[in-house]
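Colleague: data25.csv is the file, holding CSV, C-alpha atoms:
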chain,number,residue,atom,x,y,z
A,1,MET,CA,3.3,-33.8,-23.1
A,2,ARG,CA,0.8,-31.0,-22.7
A,3,SER,CA,2.3,-30.0,-19.3
A,4,GLU,CA,5.8,-29.9,-21.0
A,5,MET,CA,4.4,-27.7,-23.8
A,6,GLU,CA,2.7,-25.4,-21.3
A,7,ALA,CA,6.0,-25.1,-19.3
A,8,THR,CA,7.9,-24.2,-22.5
A,9,ASP,CA,5.3,-21.7,-23.5
A,10,PHE,CA,5.4,-20.1,-20.0
A,11,GLN,CA,9.2,-19.9,-20.1
A,12,ASP,CA,9.1,-18.3,-23.6
A,13,ALA,CA,6.5,-15.7,-22.4
A,14,LEU,CA,8.6,-15.0,-19.3
A,15,ASP,CA,11.7,-14.6,-21.4
A,16,ASP,CA,9.9,-12.3,-23.8
A,17,TRP,CA,8.6,-10.2,-21.0
A,18,PHE,CA,12.0,-9.8,-19.3
A,19,MET,CA,13.5,-8.8,-22.7
A,20,GLU,CA,10.8,-6.2,-23.2
A,21,SER,CA,11.2,-5.0,-19.6
A,22,MET,CA,14.6,-3.7,-20.5
A,23,LYS,CA,12.9,-1.0,-22.6
A,24,THR,CA,10.2,-0.1,-20.1
A,25,TYR,CA,11.8,-0.5,-16.7
A,26,LYS,CA,14.9,1.2,-15.2
A,27,ASP,CA,14.9,-1.5,-12.5
A,28,LEU,CA,12.9,-4.7,-12.0
A,29,HIS,CA,13.3,-7.2,-9.1
A,30,VAL,CA,11.1,-10.3,-8.6
A,31,TYR,CA,10.7,-12.0,-5.2
A,32,GLN,CA,8.6,-14.9,-4.0
A,33,LEU,CA,7.0,-15.2,-0.6
A,34,GLU,CA,5.9,-18.5,0.9
A,35,ASP,CA,2.5,-17.0,1.4
A,36,PRO,CA,0.8,-14.0,-0.3
A,37,THR,CA,0.5,-10.7,1.5
A,38,GLN,CA,-2.1,-7.9,1.5
A,39,VAL,CA,0.2,-5.4,3.3
A,40,LEU,CA,3.3,-3.5,2.1
A,41,GLU,CA,4.6,-0.9,4.6
A,42,TRP,CA,7.9,1.0,4.5
A,43,THR,CA,9.6,0.8,7.9
A,44,SER,CA,13.0,2.4,7.4
A,45,GLY,CA,14.7,5.1,9.4
A,46,LYS,CA,18.1,6.3,10.5
A,47,SER,CA,18.5,3.4,13.0
A,48,GLU,CA,18.0,0.9,10.2
A,49,PHE,CA,20.6,2.5,8.1
A,50,ILE,CA,23.1,2.5,10.9
A,51,LYS,CA,22.4,-1.2,11.7
A,52,TYR,CA,22.9,-2.3,8.0
A,53,ARG,CA,25.6,0.3,7.0
A,54,LYS,CA,28.0,-2.5,6.1
A,55,TYR,CA,25.5,-3.7,3.5
A,56,TYR,CA,25.5,-0.3,1.8
A,57,THR,CA,28.6,1.3,0.1
A,58,SER,CA,29.6,4.7,-1.0
A,59,LYS,CA,28.1,3.8,-4.3
A,60,THR,CA,24.7,3.2,-2.8
A,61,SER,CA,21.9,5.7,-2.8
A,62,GLN,CA,21.5,7.4,0.6
A,63,CYS,CA,17.7,7.3,0.6
A,64,LYS,CA,16.2,6.5,4.0
A,65,PHE,CA,13.6,4.0,3.0
A,66,LYS,CA,15.3,0.6,2.4
A,67,THR,CA,13.1,-1.8,4.4
A,68,VAL,CA,9.5,-2.9,4.0
A,69,CYS,CA,7.2,-5.1,6.1
A,70,VAL,CA,5.0,-7.9,4.7
A,71,ALA,CA,2.6,-10.4,6.5
A,72,GLY,CA,0.4,-13.2,5.5
A,73,PHE,CA,-3.4,-13.4,5.8
A,74,HIS,CA,-4.2,-17.0,6.4
A,75,PRO,CA,-6.9,-17.6,9.0
A,76,SER,CA,-4.4,-19.2,11.3
A,77,LYS,CA,-0.6,-18.6,12.0
A,78,ASN,CA,1.2,-16.2,9.7
A,79,GLU,CA,4.7,-14.7,9.3
A,80,ILE,CA,5.5,-11.0,9.7
A,81,LEU,CA,8.7,-10.2,7.9
A,82,GLN,CA,10.8,-7.1,7.5
A,83,LEU,CA,12.7,-7.2,4.1
A,84,LEU,CA,15.8,-5.3,3.1
A,85,LEU,CA,15.7,-4.0,-0.5
A,86,PRO,CA,18.2,-5.3,-3.1
A,87,ARG,CA,21.4,-3.4,-3.0
A,88,LYS,CA,21.5,-3.3,-6.8
A,89,LEU,CA,18.3,-1.1,-6.8
A,90,LEU,CA,20.0,1.4,-4.5
A,91,ALA,CA,23.3,1.6,-6.3
A,92,ASP,CA,23.9,5.0,-7.9
A,93,GLU,CA,26.4,3.6,-10.3
A,94,ASN,CA,28.1,0.3,-11.4
A,95,LYS,CA,24.8,-1.6,-10.8
A,96,GLY,CA,26.3,-4.6,-12.5
A,97,LEU,CA,29.0,-5.0,-9.8
A,98,CYS,CA,26.4,-5.4,-7.0
A,99,ALA,CA,26.3,-9.0,-5.9
A,100,GLU,CA,23.1,-8.8,-3.8
A,101,ARG,CA,20.2,-8.6,-6.2
A,102,ASP,CA,17.5,-10.1,-4.0
A,103,PHE,CA,15.5,-9.1,-0.9
A,104,LYS,CA,17.0,-10.1,2.5
A,105,VAL,CA,14.9,-11.0,5.5
A,106,VAL,CA,16.2,-9.0,8.4
A,107,HIS,CA,13.5,-9.4,11.1
A,108,GLY,CA,10.7,-11.9,11.5
A,109,GLY,CA,7.9,-13.0,13.8
A,110,PHE,CA,4.6,-14.9,13.9
A,111,THR,CA,1.0,-13.9,14.5
A,112,ASP,CA,-1.9,-16.3,15.4
A,113,GLY,CA,-4.3,-14.7,12.9
A,114,PRO,CA,-4.4,-12.9,9.6
A,115,VAL,CA,-2.9,-9.5,9.0
A,116,ARG,CA,-5.2,-7.3,7.0
A,117,CYS,CA,-3.7,-3.9,7.9
A,118,LEU,CA,-0.1,-3.0,9.0
A,119,THR,CA,1.2,0.5,9.8
A,120,HIS,CA,4.6,1.7,10.9
A,121,VAL,CA,4.7,4.3,13.6
A,122,PRO,CA,7.2,7.0,12.3
A,123,GLY,CA,10.4,7.4,14.2
A,124,THR,CA,10.1,4.1,16.1
A,125,ARG,CA,10.7,0.4,15.7
A,126,CYS,CA,6.9,-0.1,16.3
A,127,ILE,CA,4.4,-1.5,13.8
A,128,VAL,CA,0.6,-1.8,14.4
A,129,THR,CA,-1.5,-4.5,12.8
A,130,ASN,CA,-5.2,-5.5,12.6
A,131,ASP,CA,-6.6,-9.0,11.7
A,132,GLY,CA,-9.8,-7.8,10.0
A,133,LEU,CA,-11.9,-9.8,12.5
A,134,THR,CA,-12.1,-7.3,15.3
A,135,SER,CA,-11.3,-3.6,15.7
A,136,ASP,CA,-8.5,-4.4,18.2
A,137,LEU,CA,-4.9,-3.5,17.2
A,138,GLN,CA,-1.8,-5.5,17.9
A,139,VAL,CA,1.4,-3.6,18.7
A,140,TRP,CA,4.8,-5.1,17.7
A,141,SER,CA,8.4,-4.2,18.2
A,142,VAL,CA,10.7,-4.8,15.2
A,143,GLY,CA,14.1,-5.9,16.4
A,144,GLY,CA,16.0,-3.9,19.0
A,145,ASP,CA,18.6,-5.0,21.5
A,146,ASP,CA,20.5,-6.9,18.8
A,147,SER,CA,17.4,-9.1,18.2
A,148,ASP,CA,16.2,-10.2,14.8
A,149,ALA,CA,12.6,-11.0,16.1
A,150,ILE,CA,9.4,-9.1,15.6
A,151,LYS,CA,7.6,-9.4,19.0
A,152,LEU,CA,4.1,-8.7,20.1
A,153,THR,CA,4.4,-6.0,22.9
A,154,GLY,CA,0.8,-4.8,23.4
A,155,ARG,CA,-2.8,-4.4,22.2
A,156,VAL,CA,-5.1,-1.5,21.7
A,157,LYS,CA,-8.8,-2.0,22.3
A,158,GLY,CA,-11.2,-1.1,19.4
A,159,ARG,CA,-15.0,-1.0,19.3
A,160,SER,CA,-17.0,-3.9,20.8
A,161,ASN,CA,-16.8,-7.1,18.9
A,162,GLN,CA,-20.6,-7.3,18.8
A,163,ARG,CA,-20.8,-4.0,16.9
A,164,ARG,CA,-17.9,-5.1,14.7
A,165,ARG,CA,-19.7,-8.2,13.6
A,166,SER,CA,-22.5,-6.1,12.2
A,167,LEU,CA,-20.0,-4.9,9.5
A,168,PRO,CA,-18.8,-8.1,7.8
A,169,GLY,CA,-15.8,-7.5,5.5
A,170,ALA,CA,-14.9,-4.1,7.0
A,171,VAL,CA,-11.1,-3.8,7.6
A,172,CYS,CA,-9.7,-1.6,10.3
A,173,ARG,CA,-7.7,1.4,8.9
A,174,VAL,CA,-4.8,2.9,10.8
A,175,ALA,CA,-2.8,6.2,10.5
A,176,ALA,CA,0.1,6.9,12.9
A,177,THR,CA,1.8,10.0,14.1
A,178,ARG,CA,5.4,10.6,15.2
A,179,SER,CA,4.1,11.2,18.8
A,180,SER,CA,3.1,7.5,19.0
A,181,GLN,CA,-0.6,8.2,18.5
A,182,VAL,CA,-2.7,6.1,16.2
A,183,LEU,CA,-5.9,7.0,14.5
A,184,HIS,CA,-7.9,3.8,13.9
A,185,GLY,CA,-11.3,2.4,13.0
A,186,ALA,CA,-13.2,0.1,10.6
A,187,ALA,CA,-16.2,2.3,10.2
A,188,SER,CA,-17.0,6.0,10.3
A,189,GLY,CA,-18.7,5.6,13.7
A,190,ASP,CA,-15.6,3.7,15.0
A,191,VAL,CA,-12.7,6.2,14.4
A,192,ARG,CA,-10.7,7.2,17.5
A,193,LEU,CA,-7.2,8.6,18.3
A,194,THR,CA,-5.3,6.5,20.8
A,195,GLU,CA,-2.0,7.0,22.6
A,196,LEU,CA,0.0,3.8,22.3
A,197,THR,CA,2.0,4.1,25.5
A,198,SER,CA,-1.0,4.6,27.8
A,199,GLY,CA,-4.0,3.3,25.7
A,200,GLN,CA,-5.8,6.5,26.4
A,201,VAL,CA,-8.4,7.6,23.8
A,202,LEU,CA,-7.6,11.2,22.9
A,203,TYR,CA,-10.3,11.8,20.3
A,204,THR,CA,-13.4,10.2,18.9
A,205,LEU,CA,-15.0,11.0,15.5
A,206,GLU,CA,-18.6,12.1,16.2
A,207,THR,CA,-20.9,11.0,13.4
A,208,ASP,CA,-24.3,9.2,13.2
A,209,SER,CA,-23.3,7.0,10.3
A,210,ASP,CA,-21.5,3.6,10.5
A,211,GLU,CA,-20.2,3.1,7.0
A,212,PRO,CA,-17.1,0.9,6.4
A,213,LEU,CA,-13.9,2.8,5.8
A,214,SER,CA,-11.8,2.6,2.7
A,215,SER,CA,-9.1,4.9,4.0
A,216,LEU,CA,-7.9,6.9,7.0
A,217,ARG,CA,-5.2,9.5,6.4
A,218,PHE,CA,-3.7,12.5,8.2
A,219,VAL,CA,-3.5,15.5,5.8
A,220,GLY,CA,-2.0,17.8,8.4
A,221,ASP,CA,-0.5,17.6,11.9
A,222,ALA,CA,-4.0,17.1,13.4
A,223,VAL,CA,-6.4,17.2,10.4
A,224,PHE,CA,-7.4,13.8,8.9
A,225,LEU,CA,-9.6,12.5,6.2
A,226,ALA,CA,-11.8,9.4,6.6
A,227,GLY,CA,-13.0,7.9,3.3
A,228,CYS,CA,-16.1,5.6,3.4
A,229,SER,CA,-16.9,2.8,1.0
A,230,ASN,CA,-20.1,4.6,0.0
A,231,GLY,CA,-18.1,7.6,-1.3
A,232,ASN,CA,-18.6,9.9,1.7
A,233,VAL,CA,-15.6,11.7,3.0
A,234,TYR,CA,-15.2,13.2,6.5
A,235,VAL,CA,-12.7,15.9,7.3
A,236,ALA,CA,-12.0,16.5,10.9
A,237,ASP,CA,-9.5,18.0,13.3
A,238,THR,CA,-8.4,16.0,16.4
A,239,ARG,CA,-7.7,19.3,18.3
A,240,THR,CA,-11.3,20.4,18.4
A,241,PRO,CA,-14.6,18.7,19.4
A,242,ALA,CA,-16.3,20.4,16.4
A,243,PRO,CA,-18.2,18.0,14.2
A,244,PRO,CA,-16.5,16.8,11.1
A,245,ARG,CA,-17.3,18.2,7.6
A,246,LEU,CA,-19.1,15.7,5.5
A,247,HIS,CA,-18.6,15.6,1.7
A,248,PRO,CA,-20.7,13.1,-0.2
A,249,PRO,CA,-19.4,11.8,-3.6
A,250,PRO,CA,-20.2,13.8,-6.7
A,251,THR,CA,-23.3,12.3,-8.2
A,252,SER,CA,-22.8,10.1,-11.3
A,253,PRO,CA,-25.5,7.8,-12.7
A,254,GLY,CA,-24.8,4.1,-12.5
A,255,ASP,CA,-22.1,4.3,-9.8
A,256,PRO,CA,-22.1,1.3,-7.4
A,257,ALA,CA,-21.9,1.6,-3.7
A,258,LEU,CA,-18.2,0.6,-3.3
A,259,TRP,CA,-15.6,3.3,-3.5
A,260,GLN,CA,-11.9,3.6,-2.6
A,261,THR,CA,-10.6,7.0,-1.4
A,262,GLU,CA,-7.1,8.3,-0.9
A,263,ALA,CA,-5.7,11.7,0.0
A,264,SER,CA,-2.2,13.0,-1.0
A,265,PRO,CA,0.1,15.0,1.3
A,266,GLY,CA,-0.5,17.9,-1.0
A,267,GLY,CA,-4.2,18.0,-0.4
A,268,ALA,CA,-5.6,16.2,-3.4
A,269,VAL,CA,-8.3,13.5,-3.0
A,270,VAL,CA,-9.1,10.7,-5.4
A,271,ARG,CA,-12.2,8.6,-5.3
A,272,LEU,CA,-12.4,5.4,-7.4
A,273,SER,CA,-15.6,3.4,-7.8
A,274,ALA,CA,-15.8,-0.4,-8.4
A,275,CYS,CA,-16.7,0.2,-12.0
A,276,GLY,CA,-13.7,2.3,-12.7
A,277,ARG,CA,-15.1,5.9,-12.3
A,278,ALA,CA,-12.5,8.2,-10.8
A,279,VAL,CA,-13.0,11.7,-9.3
A,280,VAL,CA,-10.3,14.0,-8.2
A,281,SER,CA,-11.0,16.9,-5.8
A,282,ASP,CA,-9.3,19.0,-3.1
A,283,THR,CA,-9.3,18.4,0.7
A,284,ARG,CA,-10.7,21.9,1.2
A,285,SER,CA,-13.7,20.9,-0.9
A,286,PRO,CA,-13.7,17.1,-1.4
A,287,GLY,CA,-17.3,17.1,-2.6
A,288,GLY,CA,-16.4,19.0,-5.8
A,289,ALA,CA,-14.7,17.6,-8.8
A,290,ALA,CA,-11.5,19.0,-10.3
A,291,GLY,CA,-11.2,16.1,-12.7
A,292,ARG,CA,-13.0,13.0,-13.8
A,293,ALA,CA,-12.1,9.9,-15.7
A,294,ARG,CA,-13.3,6.4,-16.6
A,295,LEU,CA,-10.5,3.9,-16.0
A,296,GLU,CA,-10.0,0.6,-17.7
A,297,VAL,CA,-11.7,-2.4,-15.9
A,298,PRO,CA,-10.8,-5.7,-17.4
A,299,PRO,CA,-13.4,-8.5,-17.8
A,300,GLY,CA,-14.0,-10.1,-14.5
A,301,GLY,CA,-12.4,-7.2,-12.6
A,302,ARG,CA,-13.8,-7.2,-9.0
A,303,GLY,CA,-13.0,-3.7,-8.0
A,304,PRO,CA,-10.0,-1.8,-6.7
A,305,GLU,CA,-9.2,-4.2,-3.9
A,306,GLY,CA,-5.5,-3.5,-4.0
A,307,GLY,CA,-6.3,0.2,-3.7
A,308,VAL,CA,-5.6,3.6,-5.2
A,309,SER,CA,-2.6,5.7,-4.1
A,310,TRP,CA,-1.0,9.0,-4.8
A,311,ALA,CA,2.7,9.2,-5.9
A,312,PRO,CA,4.5,11.0,-3.1
A,313,ALA,CA,7.3,12.3,-5.4
A,314,LEU,CA,5.5,12.6,-8.8
A,315,ASP,CA,2.9,15.3,-8.9
A,316,GLY,CA,-0.6,14.3,-10.1
A,317,CYS,CA,0.1,10.6,-10.6
A,318,ILE,CA,-1.8,7.8,-9.0
A,319,ALA,CA,-1.4,4.0,-9.0
A,320,VAL,CA,-4.4,1.7,-9.2
A,321,SER,CA,-4.5,-2.1,-8.5
A,322,GLY,CA,-7.1,-4.8,-7.7
A,323,PHE,CA,-8.7,-4.8,-11.1
A,324,GLY,CA,-7.0,-8.0,-12.1
A,325,ALA,CA,-3.3,-8.8,-12.3
A,326,ALA,CA,-1.9,-5.3,-13.3
A,327,VAL,CA,-0.9,-2.1,-11.6
A,328,ARG,CA,-1.7,0.9,-13.7
A,329,ILE,CA,-0.3,4.4,-13.4
A,330,TYR,CA,-2.4,7.5,-14.4
A,331,ASP,CA,-1.6,11.2,-14.7
A,332,THR,CA,-4.6,13.1,-13.2
A,333,SER,CA,-3.2,16.5,-14.0
A,334,ALA,CA,-4.9,16.7,-17.4
A,335,TRP,CA,-8.2,15.1,-16.5
A,336,PRO,CA,-11.3,17.1,-17.6
A,337,THR,CA,-14.2,18.0,-15.4
A,338,GLU,CA,-16.5,15.7,-17.5
A,339,PRO,CA,-15.7,12.0,-17.4
A,340,ARG,CA,-14.0,10.4,-20.4
A,341,ASP,CA,-12.0,7.2,-21.0
A,342,VAL,CA,-8.4,7.7,-20.0
A,343,PRO,CA,-5.6,5.2,-20.9
A,344,PRO,CA,-2.9,4.5,-18.3
A,345,LEU,CA,0.5,6.2,-18.4
A,346,PHE,CA,2.1,2.9,-17.6
A,347,GLU,CA,1.0,-0.7,-16.9
A,348,HIS,CA,2.9,-3.2,-14.9
A,349,ARG,CA,1.7,-6.7,-16.0
A,350,GLY,CA,4.5,-8.7,-14.4
A,351,HIS,CA,2.5,-10.6,-11.9
A,352,ALA,CA,0.3,-12.2,-14.6
A,353,VAL,CA,3.4,-13.0,-16.8
A,354,SER,CA,5.5,-14.5,-14.0
A,355,SER,CA,2.7,-16.7,-12.5
A,356,GLN,CA,2.9,-20.4,-13.1
A,357,PRO,CA,0.7,-21.9,-15.8
A,358,ALA,CA,-1.3,-24.1,-13.4
A,359,ALA,CA,-1.9,-21.3,-10.9
A,360,ALA,CA,-5.3,-19.7,-10.4
A,361,ALA,CA,-6.0,-16.3,-11.9
A,362,VAL,CA,-3.6,-13.8,-10.2
A,363,LEU,CA,-4.9,-10.7,-8.5
A,364,VAL,CA,-2.7,-7.8,-7.3
A,365,THR,CA,-3.3,-7.6,-3.5
A,366,ALA,CA,-1.3,-4.5,-2.6
A,367,HIS,CA,1.0,-1.9,-4.0
A,368,VAL,CA,2.9,1.0,-2.5
A,369,TRP,CA,5.0,3.9,-4.0
A,370,HIS,CA,8.6,4.4,-2.7
A,371,PRO,CA,8.5,7.5,-0.5
A,372,GLU,CA,11.6,9.1,-2.2
A,373,ARG,CA,12.2,7.5,-5.6
A,374,PRO,CA,9.6,9.1,-8.0
A,375,ARG,CA,8.8,6.1,-10.2
A,376,THR,CA,9.6,3.1,-8.0
A,377,LEU,CA,6.8,0.9,-6.7
A,378,LEU,CA,6.4,-2.3,-4.8
A,379,SER,CA,3.5,-4.6,-5.6
A,380,ALA,CA,2.3,-8.0,-4.3
A,381,ALA,CA,-0.1,-10.6,-5.8
A,382,SER,CA,-2.2,-13.5,-4.7
A,383,ASP,CA,0.4,-16.0,-5.9
A,384,GLY,CA,2.9,-14.7,-3.3
A,385,SER,CA,5.0,-12.8,-5.8
A,386,VAL,CA,6.5,-9.4,-4.8
A,387,HIS,CA,7.8,-7.1,-7.5
A,388,LEU,CA,9.9,-4.0,-7.0
A,389,TRP,CA,10.0,-1.9,-10.2
A,390,ASP,CA,11.1,1.5,-11.4
A,391,TRP,CA,9.2,2.3,-14.6
A,392,ILE,CA,10.1,4.5,-17.5
A,393,ASP,CA,7.7,7.2,-18.7
A,394,GLY,CA,7.5,6.6,-22.4
A,395,SER,CA,5.6,9.8,-23.0
A,396,GLN,CA,8.6,12.0,-22.2
Let's see the structure in the file written out as structure tokens.
Modeller:
Amino acid sequence: MRSEMEATDFQDALDDWFMESMKTYKDLHVYQLEDPTQVLEWTSGKSEFIKYRKYYTSKTSQCKFKTVCVAGFHPSKNEILQLLLPRKLLADENKGLCAERDFKVVHGGFTDGPVRCLTHVPGTRCIVTNDGLTSDLQVWSVGGDDSDAIKLTGRVKGRSNQRRRSLPGAVCRVAATRSSQVLHGAASGDVRLTELTSGQVLYTLETDSDEPLSSLRFVGDAVFLAGCSNGNVYVADTRTPAPPRLHPPPTSPGDPALWQTEASPGGAVVRLSACGRAVVSDTRSPGGAAGRARLEVPPGGRGPEGGVSWAPALDGCIAVSGFGAAVRIYDTSAWPTEPRDVPPLFEHRGHAVSSQPAAAAVLVTAHVWHPERPRTLLSAASDGSVHLWDWIDGSQ
């Protein structure tokens, strides 16, 4: 009797949330993976649009980014999937006439270990993964030659496994260029630029430290930012052997050692500590502070494991996940230079609402902004749920 009552209560809560979502979401799509994922990576390009042009109609938005890669992180065998977005999301009009309202699996493959990092190489069918166990990279081909398979085509050697084992929990970070070069490393003393076709190491970050990385991002054609979990930020140029510029985090009493760092294409840098302290600065002076805030951390929150990310098409906005089952949107443009409590502009609570009653506490494992649609995000959670949502700014 109790389980029946719990099921009824769950369905009522789910129905209430979906009814409420009609006021707060322009679009909302819910998908369930067999296994949870920690990676969400856009993989679209012109070739993908041509291959699936029959799926799209003249009523469909002509945005380039319509496919995304996901992968499991079990210790043993995992799937790598490329999913096609629901056509209803991409329809410019007559959304109710679109029959396809679900994701479609268009390419798939298997890996013998977990996937903790996945990066698409722009302009190619290539993706690069890392298992979180070593610093080596796996190189995959997504489809091609009328194949629907994702195939392992090569490997890139990282640092020695003996050194890697001295950094338990560190995950390799990867940033790719259109010239098929990848910047990769799990720690500040581990960063190198490698050419995928030849395996040649083109650049190595020269630093005496060996701090685990929280991010690795190009902020120009050759200039990159390496954010460390202790809050340090290195800015370096792969075209010159000059040492990198080191910017320590702004001092703030009581901050823990764990930080997440992310840079925007426009040059802004945000650093977020495990206790919810956020600092915004500029890549030209990442050690300074243009704005500070104290973000909400729910009871039992373990830190921003899902990450912090800048909106590519919405100036000043960031998304934060990992502090529980929600993804929160913040507008940093009005943050003061002195820290204060800041409420989110929007909060996506769907993963907690849509999880089954008997399931363990849900944690958002990853999120990513759509590169072209200003308020569209994709998020994943520990129960295998994947949500695609376009939120409405109620402050406007």
Colleague: Please provide the set of residues having any atom within 6 Å of Asp210 (chain A), restricted to only C-alpha atoms, with same-chain residues fewer than 4 positions apart removed, written as an mmCIF file with C-alpha atoms, keeping the file's coordinate frame.
Modeller:
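This is the output file around.cif:
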data_model
loop_
_atom_site.group_PDB
_atom_site.id
_atom_site.type_symbol
_atom_site.label_atom_id
_atom_site.label_comp_id
_atom_site.auth_asym_id
_atom_site.auth_seq_id
_atom_site.Cartn_x
_atom_site.Cartn_y
_atom_site.Cartn_z
ATOM 1 C CA ALA A 187 -16.200 2.300 10.200
ATOM 2 C CA SER A 188 -17.000 6.000 10.300
ATOM 3 C CA GLY A 189 -18.700 5.600 13.700
#
Colleague: Hey, which bits of region 169-238 of chain A sit within 12 Å of region 112-134 of chain A, and for each residue what's the closest pair of atoms and how far apart in Å (one decimal), counting all atoms listed in the file, rows by chain and increasing number, as CSV?
Modeller:
residue,atom,partner,partner_atom,distance
A:Gly169,CA,A:Gly132,CA,7.5
A:Ala170,CA,A:Gly132,CA,7.0
A:Val171,CA,A:Gly132,CA,4.8
A:Cys172,CA,A:Gly132,CA,6.2
A:Arg173,CA,A:Cys117,CA,6.7
A:Val174,CA,A:Thr119,CA,6.5
A:Ala175,CA,A:Thr119,CA,7.0
A:Ala176,CA,A:Val121,CA,5.3
A:Thr177,CA,A:Val121,CA,6.4
A:Arg178,CA,A:Pro122,CA,5.0
A:Ser179,CA,A:Pro122,CA,8.3
A:Ser180,CA,A:Val121,CA,6.5
A:Gln181,CA,A:Val121,CA,8.2
A:Val182,CA,A:Val121,CA,8.0
A:Leu183,CA,A:Thr119,CA,10.7
A:His184,CA,A:Asn130,CA,9.8
A:Gly185,CA,A:Asn130,CA,10.0
A:Ala186,CA,A:Gly132,CA,8.6
A:Ala187,CA,A:Thr134,CA,11.6
A:Asp190,CA,A:Thr134,CA,11.5
A:Glu195,CA,A:Val121,CA,11.5
A:Leu196,CA,A:Val128,CA,9.7
A:Thr197,CA,A:Cys126,CA,11.2
A:Pro212,CA,A:Gly132,CA,11.9
A:Ser214,CA,A:Cys117,CA,11.6
A:Ser215,CA,A:Cys117,CA,11.0
A:Leu216,CA,A:Thr119,CA,11.5
A:Arg217,CA,A:Thr119,CA,11.6
Colleague: Could you write out the selected residues, including C-alpha atoms, as a short mmCIF file (atom, residue, chain, number, x, y, z; two decimals), in the coordinates of the input?
Modeller:
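The result, stored in part07.cif:
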data_model
loop_
_atom_site.label_atom_id
_atom_site.label_comp_id
_atom_site.auth_asym_id
_atom_site.auth_seq_id
_atom_site.Cartn_x
_atom_site.Cartn_y
_atom_site.Cartn_z
CA GLY A 169 -15.80 -7.50 5.50
CA ALA A 170 -14.90 -4.10 7.00
CA VAL A 171 -11.10 -3.80 7.60
CA CYS A 172 -9.70 -1.60 10.30
CA ARG A 173 -7.70 1.40 8.90
CA VAL A 174 -4.80 2.90 10.80
CA ALA A 175 -2.80 6.20 10.50
CA ALA A 176 0.10 6.90 12.90
CA THR A 177 1.80 10.00 14.10
CA ARG A 178 5.40 10.60 15.20
CA SER A 179 4.10 11.20 18.80
CA SER A 180 3.10 7.50 19.00
CA GLN A 181 -0.60 8.20 18.50
CA VAL A 182 -2.70 6.10 16.20
CA LEU A 183 -5.90 7.00 14.50
CA HIS A 184 -7.90 3.80 13.90
CA GLY A 185 -11.30 2.40 13.00
CA ALA A 186 -13.20 0.10 10.60
CA ALA A 187 -16.20 2.30 10.20
CA ASP A 190 -15.60 3.70 15.00
CA GLU A 195 -2.00 7.00 22.60
CA LEU A 196 0.00 3.80 22.30
CA THR A 197 2.00 4.10 25.50
CA PRO A 212 -17.10 0.90 6.40
CA SER A 214 -11.80 2.60 2.70
CA SER A 215 -9.10 4.90 4.00
CA LEU A 216 -7.90 6.90 7.00
CA ARG A 217 -5.20 9.50 6.40
#
Colleague: How far is it from CA of Val269 (chain A) to CA of Glu338 (chain A), in Å with one decimal?
Modeller: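 Interatomic distance here is 16.8 Å.
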Colleague: What separation in Å, quoted to one decimal, exists between CA of Arg271 (chain A) and CA of Arg375 (chain A)?
Modeller: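 If I compute the distance from CA of Arg271 (chain A) to CA of Arg375 (chain A), I get 21.7 Å.
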Colleague: If we count all atoms listed in the file, what is near Leu377 (chain A) at a cut-off of 10 Å, once residues fewer than 5 positions away on the same chain are taken out, given as number ranges by chain?
Modeller: A: 28, 311, 319, 327, 348, 367-371, 387-391
Colleague: Using CA of Val105 (chain A) and CA of Met22 (chain A) as the two end points, give the distance in Å to one decimal.
Modeller: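 Spanning CA of Val105 (chain A) to CA of Met22 (chain A) is a straight-line distance of 27.0 Å.
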Colleague: Would you please work out which residue, of A:Ala381, A:Val353, A:Ala325, A:Val386, is nearest to Leu83 (chain A) when using only C-alpha atoms?
Modeller: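 Checking each candidate against Leu83 (chain A), we get A:Val386 as the closest.
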Colleague: As a PyMOL selection string, please: the residues near Ala71 (chain A) (cut-off 7 Å, all atoms listed in the file, same-chain neighbours under 2 positions excluded).
Modeller: chain A and resi 37+39+73+78-81+115
Colleague: Write out the residues from the selection above, keeping C-alpha atoms, as a PDB file, in the frame of the given file.
Modeller:
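The file below, selection-v5.pdb, is the result:
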ATOM      1  CA  THR A  37       0.500 -10.700   1.500  1.00  0.00           C
ATOM      2  CA  VAL A  39       0.200  -5.400   3.300  1.00  0.00           C
ATOM      3  CA  PHE A  73      -3.400 -13.400   5.800  1.00  0.00           C
ATOM      4  CA  ASN A  78       1.200 -16.200   9.700  1.00  0.00           C
ATOM      5  CA  GLU A  79       4.700 -14.700   9.300  1.00  0.00           C
ATOM      6  CA  ILE A  80       5.500 -11.000   9.700  1.00  0.00           C
ATOM      7  CA  LEU A  81       8.700 -10.200   7.900  1.00  0.00           C
ATOM      8  CA  VAL A 115      -2.900  -9.500   9.000  1.00  0.00           C
TER       9      VAL A 115
END
Colleague: Using all atoms listed in the file, can you list as an mmCIF file with C-alpha atoms, in the frame of the given file the residues within 7 Å of (0.5, -3.6, 19.8)?
Modeller:
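Written output follows (out.cif):
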data_model
loop_
_atom_site.group_PDB
_atom_site.id
_atom_site.type_symbol
_atom_site.label_atom_id
_atom_site.label_comp_id
_atom_site.auth_asym_id
_atom_site.auth_seq_id
_atom_site.Cartn_x
_atom_site.Cartn_y
_atom_site.Cartn_z
ATOM 1 C CA VAL A 128 0.600 -1.800 14.400
ATOM 2 C CA LEU A 137 -4.900 -3.500 17.200
ATOM 3 C CA GLN A 138 -1.800 -5.500 17.900
ATOM 4 C CA VAL A 139 1.400 -3.600 18.700
ATOM 5 C CA TRP A 140 4.800 -5.100 17.700
ATOM 6 C CA LEU A 152 4.100 -8.700 20.100
ATOM 7 C CA THR A 153 4.400 -6.000 22.900
ATOM 8 C CA GLY A 154 0.800 -4.800 23.400
ATOM 9 C CA ARG A 155 -2.800 -4.400 22.200
ATOM 10 C CA VAL A 156 -5.100 -1.500 21.700
#
